[in-house]
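Visitor: Here it is, the structure in full.
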Amino acid sequence: MIAYFAHELADPAVQRRVRMLKAAGETVTLIGFERRAYPEQAGAEAPRHVLGRTQSGRLGARLLSIMGAVPRAFMLRRHWARADAILARNLEMLAAALGASMLAGGKRRIVYECLDIHRLMHGDGVASRLLRMIERLLLRSVDLIVVSSPAYAERYFRTVQNYPGEILLAENKPLGAASVARQARDGPPWRVLWCGNLRCRKSLGLLEALAGAGRAEVELRGVAAADQLPDLQAVVARSERIALFGAYRAEELPAFVADADFIWTVDYFNAHGDAGWSLSNRLYDGLRHGAIPIASAANAETARWMEDRNVGVVLQEPLAETLPAFFASLTAERVEELRAAVRAVPRSDVEMDAAEARAITARILGAAAPMPRAKVLVVIPCLNEAAHLPRLLGDLLGESDGTAVRIVVADGGSTDGGREIVAEIARAHPNVTLLDNPKRVQSAGVNLAVARHGAEADFILRMDAHALYPRDFIGKLLAAQAESGADAVAVSMRTVAAGGGCFQRAVAAAQNSVLGTGGSAHRSHGRRRFVDHGHHALIRRDAFVAAGGYDEGFAQNQDAEFDARLGKRGGRILLAADIVIDYVPRATPGALFRQYFNYGTWRMRTMRRHGAAFKLRQLAPMLVAPAVLAALSAPIALLAALPAAAWLGGCLIYGLILGVRAGSVCACGAGVAAALMHLAWSLGAWTSTAQEGRRAEAFRDDANMKRAANDIAAPADG
């Protein structure tokens, strides 16, 4: 059963969704508001429960009505509390559904249906920003967003609201096949139909002028918004070629659409909001019954849909000039060509059958999205990783989800037998390749693998030989990318000692805490979100190539430097924090110190190149080296040692707390490990700052980038 929280119970679009859900075999309960009466009564489609009355367009008033709706919905919980999913139409109903669900207790699947975006959501004022903030908070509890146009996902939920979850495109196609005979007209005046919600003042003016020119007659059918068209009756009264028929029932629509030559899909009502993003319901209704759609180029998404199918008439602005000019030159032969194009549109593009209804309903209920067949190039840059390669390659070869996977081990000259291990596995598995990486750095190895073997790949997956990956890692990454549309998918990281010594346990405790990582995004687990940088995993190959690949001048931190370039190009990085890999830390203090010294060195280089500002988690360790240096003057000025003493004491105390929480004596040394990490990072950062001149570095980096970009832009598979 699906509980449908609707903003307007009698709205035709709501009824269309109810019919779709029922055609898929689901029981539907309607809970929501009344605004105005339609000839088509909601009670005929599903049981309904009224929460109150609201007014069209007044989003603020509608949101205030939620305060009373939540307790009323809670009182009605016996009708919806056991639903398999709650479908909430529009922002105010999402708030009501979440509030009532929280009061009722228990976990429910929440689906947010957004078929238009109120103009107030697009503004720059305080009210608009507040509403968007409220929506972002509510979206954290949403399992799926249903949109009727791809532009809502691409231009609002992904980019404005940064929603990282699953978005389902369900166009507003009517259910079932059309069966009304077409009524053809041989010449002017051509009949232009404007039906549905009549609310666009500019459209009325354009159509009045068109009718006055004598080449067309205009038919108006639907419910007019009195606040937007107060003079509608006067317009109709003074025009001999405009007829107003008022509201209609759903079963009446096929006949009067079939009797029209053209159907008006133009809408300027939300011109400063989403008017260019929507796909007009009239587009589908007109095409399935033979009417030729008229669109404005300003309604970009509808225009794009029509141009992709070479159907209908898309007019450039201003329509005050192009619309009468089009009809003045219109011939019967041209009309017949346009009608033939309408007949050529596949029925599946304008009508929803039972199979599509079942597929959409299944997604609403939580079924997984169909996994797209993708070709993935897995690149493993490594050096002396013989102890880990058999396990990693065995796990990768065991993934059989229909995905075409090619595995390239880019070896930097291993001497521990790792090359022989890969060569032996490659003899048994043709999709495994051993690639020499003469430059011996990871960035160069990945670029070379993409250039040599990535021509047909859809995605690049970078993996580390010494990390431990979860089962079905590739499948989970592809699913996260498909749901979010991200250009890159980063994953969360957890440090594990993996049977190592006491020092490794201390390092693991430090790196898994804010003490060691400063709250770095890819060290958190749980909620998915878009980030500026994360631990690299899956990247779209075309995005990787377009951004120039990795900078081979970066021996480390090449992922952060690449992410900065990707972000400047508009690329989006999803942190799939629910996908966690395990990382084995360095085993000795010397190795850990060298690692973090290099981290600091290369992080500073990345920040200088891209003009990035310090984050608090970077600024704090940056101060460690100066504090330690100042402490050396303690024999002269005792207070000079205070900053270093406070830092070291804080590390040691926090480390003890971590050890007690973990019940591990070794973990109590986390403070020592963290202090070593902080000091090494700080020394590396200051050393990089002292040694590198910005102008010389920029010149050298640009040269490296140009060479890398040229190498990977023209891949030669082999």
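Identifiers for the structure tokens are assigned positionally: chains receive A, B, ... in sequence, residues are indexed from 1 per chain, and ligands are indexed from 1 in the order shown.
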Give me the residues near Trp602 of chain A as an MDAnalysis selection string, where near means some atom within 10 Å (using only C-alpha atoms) and where sequence neighbours in that chain fewer than 6 positions away do not count.
Guide: chainID A and resid 554:558 560:561 596 608 681 684:685 688
Visitor: Skip Thr687 of chain A itself and residues of its chain fewer than 4 positions away, then list as a ChimeraX atom specification all residues within 7 Å of it, counting only C-alpha atoms.
Guide: /A:601,683,691
Visitor: Give the answer as one residue: which of A:Phe327, A:Tyr268, A:Tyr4, A:Phe597 has the shortest atom-to-atom distance to Glu217 of chain A, using only C-alpha atoms?
Guide: A:Phe327
Visitor: With a distance cut-off of 9 Å and only C-alpha atoms, select the neighbouring residues of Leu478 of chain A, excluding the residue or stretch itself and same-chain residues fewer than 4 positions from it, and output the selection as a PyMOL selection string.
Guide: chain A and resi 371-372+374+459+473-474+482-483+489+538
Visitor: One decimal, in Å: what's the spacing between atom CA of Glu154 of chain A and atom CA of Met306 of chain A?
Guide: 19.0 Å
Visitor: What is the atom CA of Gly165 of chain A-atom CA of Met463 of chain A distance in Å, reported with one decimal?
Guide: 23.9 Å
Visitor: Please identify all polymer residues within 12 Å of Gly501 of chain A, counting only C-alpha atoms, omitting same-chain residues fewer than 6 positions from it, and present them as a compact mmCIF listing (two decimals) with all heavy atoms, in the first residue's frame.
Guide:
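File written: out_17.txt
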# COMPACT_ATOMS: atom_id res chain seq x y z
N VAL A 507 48.17 3.98 15.72
CA VAL A 507 47.95 4.79 14.52
C VAL A 507 46.51 4.66 14.04
O VAL A 507 45.87 5.65 13.67
CB VAL A 507 48.94 4.40 13.42
CG1 VAL A 507 48.63 5.16 12.13
CG2 VAL A 507 50.37 4.66 13.84
N ALA A 508 45.99 3.42 14.05
CA ALA A 508 44.61 3.21 13.61
C ALA A 508 43.64 3.99 14.48
O ALA A 508 42.70 4.62 13.97
CB ALA A 508 44.29 1.72 13.63
N VAL A 584 45.34 -0.19 5.81
CA VAL A 584 46.34 -0.67 6.77
C VAL A 584 47.41 0.40 6.93
O VAL A 584 48.05 0.81 5.96
CB VAL A 584 46.98 -1.99 6.29
CG1 VAL A 584 48.01 -2.48 7.30
CG2 VAL A 584 45.91 -3.05 6.05
N PRO A 585 47.65 0.90 8.16
CA PRO A 585 48.57 2.03 8.36
C PRO A 585 50.03 1.60 8.33
O PRO A 585 50.36 0.40 8.34
CB PRO A 585 48.19 2.54 9.75
CG PRO A 585 47.74 1.32 10.48
CD PRO A 585 47.03 0.47 9.44
N ARG A 586 50.91 2.58 8.33
CA ARG A 586 52.35 2.32 8.37
C ARG A 586 52.70 1.63 9.68
O ARG A 586 52.11 1.88 10.73
CB ARG A 586 53.13 3.62 8.23
CG ARG A 586 52.90 4.35 6.92
CD ARG A 586 53.35 3.51 5.71
NE ARG A 586 53.40 4.29 4.49
CZ ARG A 586 52.40 4.41 3.62
NH1 ARG A 586 51.25 3.79 3.85
NH2 ARG A 586 52.54 5.14 2.52
N ALA A 587 53.73 0.77 9.62
CA ALA A 587 54.03 -0.09 10.76
C ALA A 587 55.08 0.49 11.70
O ALA A 587 55.23 0.02 12.83
CB ALA A 587 54.50 -1.46 10.27
N THR A 588 55.81 1.53 11.26
CA THR A 588 56.88 2.08 12.10
C THR A 588 56.75 3.60 12.20
O THR A 588 56.20 4.25 11.30
CB THR A 588 58.27 1.74 11.52
OG1 THR A 588 58.42 2.41 10.25
CG2 THR A 588 58.43 0.24 11.32
N PRO A 589 57.28 4.20 13.27
CA PRO A 589 57.23 5.66 13.40
C PRO A 589 57.92 6.37 12.24
O PRO A 589 57.43 7.40 11.76
CB PRO A 589 57.94 5.92 14.73
CG PRO A 589 57.75 4.66 15.51
CD PRO A 589 57.80 3.56 14.50
N VAL A 665 45.12 -1.12 25.42
CA VAL A 665 46.30 -0.44 25.93
C VAL A 665 47.08 0.19 24.78
O VAL A 665 47.57 1.33 24.88
CB VAL A 665 47.19 -1.42 26.71
CG1 VAL A 665 48.50 -0.75 27.12
CG2 VAL A 665 46.45 -1.97 27.92
N CYS A 666 47.17 -0.53 23.65
CA CYS A 666 47.90 0.01 22.50
C CYS A 666 47.25 1.28 21.97
O CYS A 666 47.93 2.24 21.59
CB CYS A 666 47.98 -1.05 21.40
SG CYS A 666 49.05 -2.45 21.79
N ALA A 667 45.92 1.30 21.94
CA ALA A 667 45.21 2.47 21.43
C ALA A 667 45.45 3.70 22.30
O ALA A 667 45.27 4.83 21.84
CB ALA A 667 43.72 2.18 21.32
